[in-house]
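A short worksheet on the structure shown next.
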Amino acid sequence: MKGDRVEIVVDAGDTTRTYEVVASRAGRRVETAVRRGVVEVSEVTRNGTVVRTARFMANRVLALVEQPVPREDSSEDLPRRPLREDPQA
């Protein structure tokens, strides 16, 4: 969803560096994968096309923080109905 972010903190020798990958447009999401010693963070469209990718060596990554945008859940306002009727009622 637009606004989702992933922050990556990387050891850069004597300091740390922070990188961000943000879902910049509506309908895009940020996906994270760890494969063969590489952390890969990608911004992906609705149909699965990768827009941009950031790759880091896994042994250099200190923190990986996913920060989703708070979603408005409209289902809390609706009355809840049981999935099936209780046969004893």
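In the structure tokens, chains take letters A, B, ... by order of appearance, with residues numbered from 1 within each chain and ligands from 1 in the order shown.
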
Got a sec: who's within 9 Å of A:Glu20, counting only C-alpha atoms, leaving out chain neighbours fewer than 2 positions off, as a list of chain:residue names?
-> A:Arg5, A:Val6, A:Glu7, A:Ile8, A:Val9, A:Thr18, A:Val22

Could you write out, as JSON, numbers by chain, all the residues of stretch 3-87 of chain A that DSSP marks as helix (DSSP H, G or I)?
-> {"A": [58, 59, 60, 74, 75, 76]}

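Candidate residues A:Ala33, A:Leu64, A:Ala58, A:Val44 were compared for distance to A:Tyr19, and the nearest is A:Leu64, using only C-alpha atoms.
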
Residue neighbourhood A:Arg60, 9 Å, only C-alpha atoms, exclusion window fewer than 3 positions, as a PyMOL selection string | chain A and resi 9-12+56-57

Just-selected residues, all heavy atoms written as a PDB file, in the first residue's frame:
ATOM      1  N   VAL A   9      19.149  -0.814   8.255  1.00  0.00           N
ATOM      2  CA  VAL A   9      20.328  -0.246   8.897  1.00  0.00           C
ATOM      3  C   VAL A   9      21.484  -1.187   8.597  1.00  0.00           C
ATOM      4  O   VAL A   9      21.427  -2.379   8.903  1.00  0.00           O
ATOM      5  CB  VAL A   9      20.134  -0.083  10.415  1.00  0.00           C
ATOM      6  CG1 VAL A   9      21.387   0.518  11.049  1.00  0.00           C
ATOM      7  CG2 VAL A   9      18.913   0.777  10.705  1.00  0.00           C
ATOM      8  N   VAL A  10      22.550  -0.653   7.987  1.00  0.00           N
ATOM      9  CA  VAL A  10      23.667  -1.452   7.505  1.00  0.00           C
ATOM     10  C   VAL A  10      24.956  -0.999   8.180  1.00  0.00           C
ATOM     11  O   VAL A  10      25.194   0.207   8.341  1.00  0.00           O
ATOM     12  CB  VAL A  10      23.795  -1.311   5.970  1.00  0.00           C
ATOM     13  CG1 VAL A  10      24.968  -2.115   5.446  1.00  0.00           C
ATOM     14  CG2 VAL A  10      22.517  -1.732   5.290  1.00  0.00           C
ATOM     15  N   ASP A  11      25.796  -1.952   8.559  1.00  0.00           N
ATOM     16  CA  ASP A  11      27.123  -1.663   9.100  1.00  0.00           C
ATOM     17  C   ASP A  11      28.021  -1.249   7.941  1.00  0.00           C
ATOM     18  O   ASP A  11      28.236  -2.013   7.003  1.00  0.00           O
ATOM     19  CB  ASP A  11      27.669  -2.909   9.792  1.00  0.00           C
ATOM     20  CG  ASP A  11      29.069  -2.721  10.332  1.00  0.00           C
ATOM     21  OD1 ASP A  11      29.482  -1.554  10.503  1.00  0.00           O
ATOM     22  OD2 ASP A  11      29.744  -3.729  10.600  1.00  0.00           O
ATOM     23  N   ALA A  12      28.561  -0.031   8.029  1.00  0.00           N
ATOM     24  CA  ALA A  12      29.421   0.484   6.966  1.00  0.00           C
ATOM     25  C   ALA A  12      30.841   0.683   7.490  1.00  0.00           C
ATOM     26  O   ALA A  12      31.470   1.719   7.264  1.00  0.00           O
ATOM     27  CB  ALA A  12      28.862   1.781   6.424  1.00  0.00           C
ATOM     28  N   PHE A  56      21.432  -5.972  -0.047  1.00  0.00           N
ATOM     29  CA  PHE A  56      22.459  -5.795   0.966  1.00  0.00           C
ATOM     30  C   PHE A  56      22.985  -7.161   1.380  1.00  0.00           C
ATOM     31  O   PHE A  56      22.239  -8.139   1.409  1.00  0.00           O
ATOM     32  CB  PHE A  56      21.888  -5.092   2.208  1.00  0.00           C
ATOM     33  CG  PHE A  56      21.218  -3.791   1.899  1.00  0.00           C
ATOM     34  CD1 PHE A  56      19.854  -3.734   1.667  1.00  0.00           C
ATOM     35  CD2 PHE A  56      21.947  -2.623   1.831  1.00  0.00           C
ATOM     36  CE1 PHE A  56      19.227  -2.542   1.378  1.00  0.00           C
ATOM     37  CE2 PHE A  56      21.337  -1.420   1.533  1.00  0.00           C
ATOM     38  CZ  PHE A  56      19.970  -1.373   1.311  1.00  0.00           C
ATOM     39  N   MET A  57      24.261  -7.218   1.730  1.00  0.00           N
ATOM     40  CA  MET A  57      24.834  -8.454   2.261  1.00  0.00           C
ATOM     41  C   MET A  57      24.218  -8.699   3.634  1.00  0.00           C
ATOM     42  O   MET A  57      24.208  -7.813   4.493  1.00  0.00           O
ATOM     43  CB  MET A  57      26.346  -8.342   2.370  1.00  0.00           C
ATOM     44  CG  MET A  57      27.028  -8.276   1.031  1.00  0.00           C
ATOM     45  SD  MET A  57      28.807  -7.953   1.137  1.00  0.00           S
ATOM     46  CE  MET A  57      29.334  -9.033   2.415  1.00  0.00           C
TER      47      MET A  57
END

Secondary structure check, strand (DSSP E or B) residues of stretch 39-76 of chain A, as an NGL selection string = :A and (39-44 or 50-57 or 61-67)

For N, CA and C atoms, I'd like the residues from the last selection saved as a PDB file, in the first residue's frame.
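That gives us out_34.pdb:
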ATOM      1  N   VAL A  39      20.005  -9.769   1.554  1.00  0.00           N
ATOM      2  CA  VAL A  39      18.699  -9.225   1.911  1.00  0.00           C
ATOM      3  C   VAL A  39      18.256  -8.366   0.741  1.00  0.00           C
ATOM      4  N   GLU A  40      17.058  -8.643   0.233  1.00  0.00           N
ATOM      5  CA  GLU A  40      16.542  -7.939  -0.940  1.00  0.00           C
ATOM      6  C   GLU A  40      15.210  -7.300  -0.574  1.00  0.00           C
ATOM      7  N   VAL A  41      15.115  -5.987  -0.761  1.00  0.00           N
ATOM      8  CA  VAL A  41      13.888  -5.244  -0.484  1.00  0.00           C
ATOM      9  C   VAL A  41      13.443  -4.626  -1.803  1.00  0.00           C
ATOM     10  N   SER A  42      12.192  -4.926  -2.216  1.00  0.00           N
ATOM     11  CA  SER A  42      11.710  -4.493  -3.523  1.00  0.00           C
ATOM     12  C   SER A  42      10.385  -3.761  -3.414  1.00  0.00           C
ATOM     13  N   GLU A  43      10.209  -2.752  -4.257  1.00  0.00           N
ATOM     14  CA  GLU A  43       8.917  -2.105  -4.422  1.00  0.00           C
ATOM     15  C   GLU A  43       8.243  -2.784  -5.615  1.00  0.00           C
ATOM     16  N   VAL A  44       7.024  -3.280  -5.406  1.00  0.00           N
ATOM     17  CA  VAL A  44       6.347  -4.116  -6.389  1.00  0.00           C
ATOM     18  C   VAL A  44       4.977  -3.528  -6.706  1.00  0.00           C
ATOM     19  N   VAL A  50       8.488  -5.677 -10.541  1.00  0.00           N
ATOM     20  CA  VAL A  50       9.397  -5.011  -9.611  1.00  0.00           C
ATOM     21  C   VAL A  50       9.777  -3.648 -10.180  1.00  0.00           C
ATOM     22  N   VAL A  51       9.569  -2.594  -9.385  1.00  0.00           N
ATOM     23  CA  VAL A  51       9.885  -1.234  -9.810  1.00  0.00           C
ATOM     24  C   VAL A  51      11.325  -0.909  -9.455  1.00  0.00           C
ATOM     25  N   ARG A  52      11.716  -1.195  -8.212  1.00  0.00           N
ATOM     26  CA  ARG A  52      13.105  -0.978  -7.793  1.00  0.00           C
ATOM     27  C   ARG A  52      13.462  -1.971  -6.702  1.00  0.00           C
ATOM     28  N   THR A  53      14.742  -2.249  -6.589  1.00  0.00           N
ATOM     29  CA  THR A  53      15.239  -3.243  -5.643  1.00  0.00           C
ATOM     30  C   THR A  53      16.476  -2.707  -4.951  1.00  0.00           C
ATOM     31  N   ALA A  54      16.570  -2.988  -3.652  1.00  0.00           N
ATOM     32  CA  ALA A  54      17.777  -2.673  -2.891  1.00  0.00           C
ATOM     33  C   ALA A  54      18.312  -3.992  -2.347  1.00  0.00           C
ATOM     34  N   ARG A  55      19.611  -4.243  -2.539  1.00  0.00           N
ATOM     35  CA  ARG A  55      20.227  -5.494  -2.081  1.00  0.00           C
ATOM     36  C   ARG A  55      21.368  -5.189  -1.127  1.00  0.00           C
ATOM     37  N   PHE A  56      21.432  -5.972  -0.047  1.00  0.00           N
ATOM     38  CA  PHE A  56      22.459  -5.795   0.966  1.00  0.00           C
ATOM     39  C   PHE A  56      22.985  -7.161   1.380  1.00  0.00           C
ATOM     40  N   MET A  57      24.261  -7.218   1.730  1.00  0.00           N
ATOM     41  CA  MET A  57      24.834  -8.454   2.261  1.00  0.00           C
ATOM     42  C   MET A  57      24.218  -8.699   3.634  1.00  0.00           C
ATOM     43  N   VAL A  61      23.743  -6.381   7.559  1.00  0.00           N
ATOM     44  CA  VAL A  61      22.478  -5.771   7.965  1.00  0.00           C
ATOM     45  C   VAL A  61      22.333  -5.878   9.476  1.00  0.00           C
ATOM     46  N   LEU A  62      22.169  -4.729  10.127  1.00  0.00           N
ATOM     47  CA  LEU A  62      21.987  -4.694  11.577  1.00  0.00           C
ATOM     48  C   LEU A  62      20.514  -4.728  11.962  1.00  0.00           C
ATOM     49  N   ALA A  63      19.668  -4.053  11.184  1.00  0.00           N
ATOM     50  CA  ALA A  63      18.238  -4.006  11.489  1.00  0.00           C
ATOM     51  C   ALA A  63      17.451  -3.871  10.200  1.00  0.00           C
ATOM     52  N   LEU A  64      16.293  -4.494  10.210  1.00  0.00           N
ATOM     53  CA  LEU A  64      15.359  -4.422   9.091  1.00  0.00           C
ATOM     54  C   LEU A  64      13.997  -4.130   9.701  1.00  0.00           C
ATOM     55  N   VAL A  65      13.491  -2.911   9.506  1.00  0.00           N
ATOM     56  CA  VAL A  65      12.275  -2.474  10.178  1.00  0.00           C
ATOM     57  C   VAL A  65      11.197  -2.222   9.141  1.00  0.00           C
ATOM     58  N   GLU A  66      10.102  -2.985   9.218  1.00  0.00           N
ATOM     59  CA  GLU A  66       8.965  -2.782   8.326  1.00  0.00           C
ATOM     60  C   GLU A  66       7.983  -1.862   9.029  1.00  0.00           C
ATOM     61  N   GLN A  67       7.584  -0.782   8.354  1.00  0.00           N
ATOM     62  CA  GLN A  67       6.679   0.186   8.940  1.00  0.00           C
ATOM     63  C   GLN A  67       5.476   0.372   8.029  1.00  0.00           C
TER      64      GLN A  67
END

Pairwise distance for atom CA of A:Arg17 and atom CA of A:Thr49, rounded to one decimal in Å | 27.6 Å

Residue with smallest distance to A:Arg28 - pool A:Thr16, A:Thr45, A:Asn59, A:Val69, counting only C-alpha atoms | A:Thr45

Residue with smallest distance to A:Asn47 - pool A:Gly27, A:Arg35, A:Val21, A:Lys2, counting only C-alpha atoms = A:Gly27

Which value, in Å to one decimal, gives the distance between atom CA of A:Gly48 and atom CA of A:Ser24?
->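 These atoms are spaced 15.1 Å apart.
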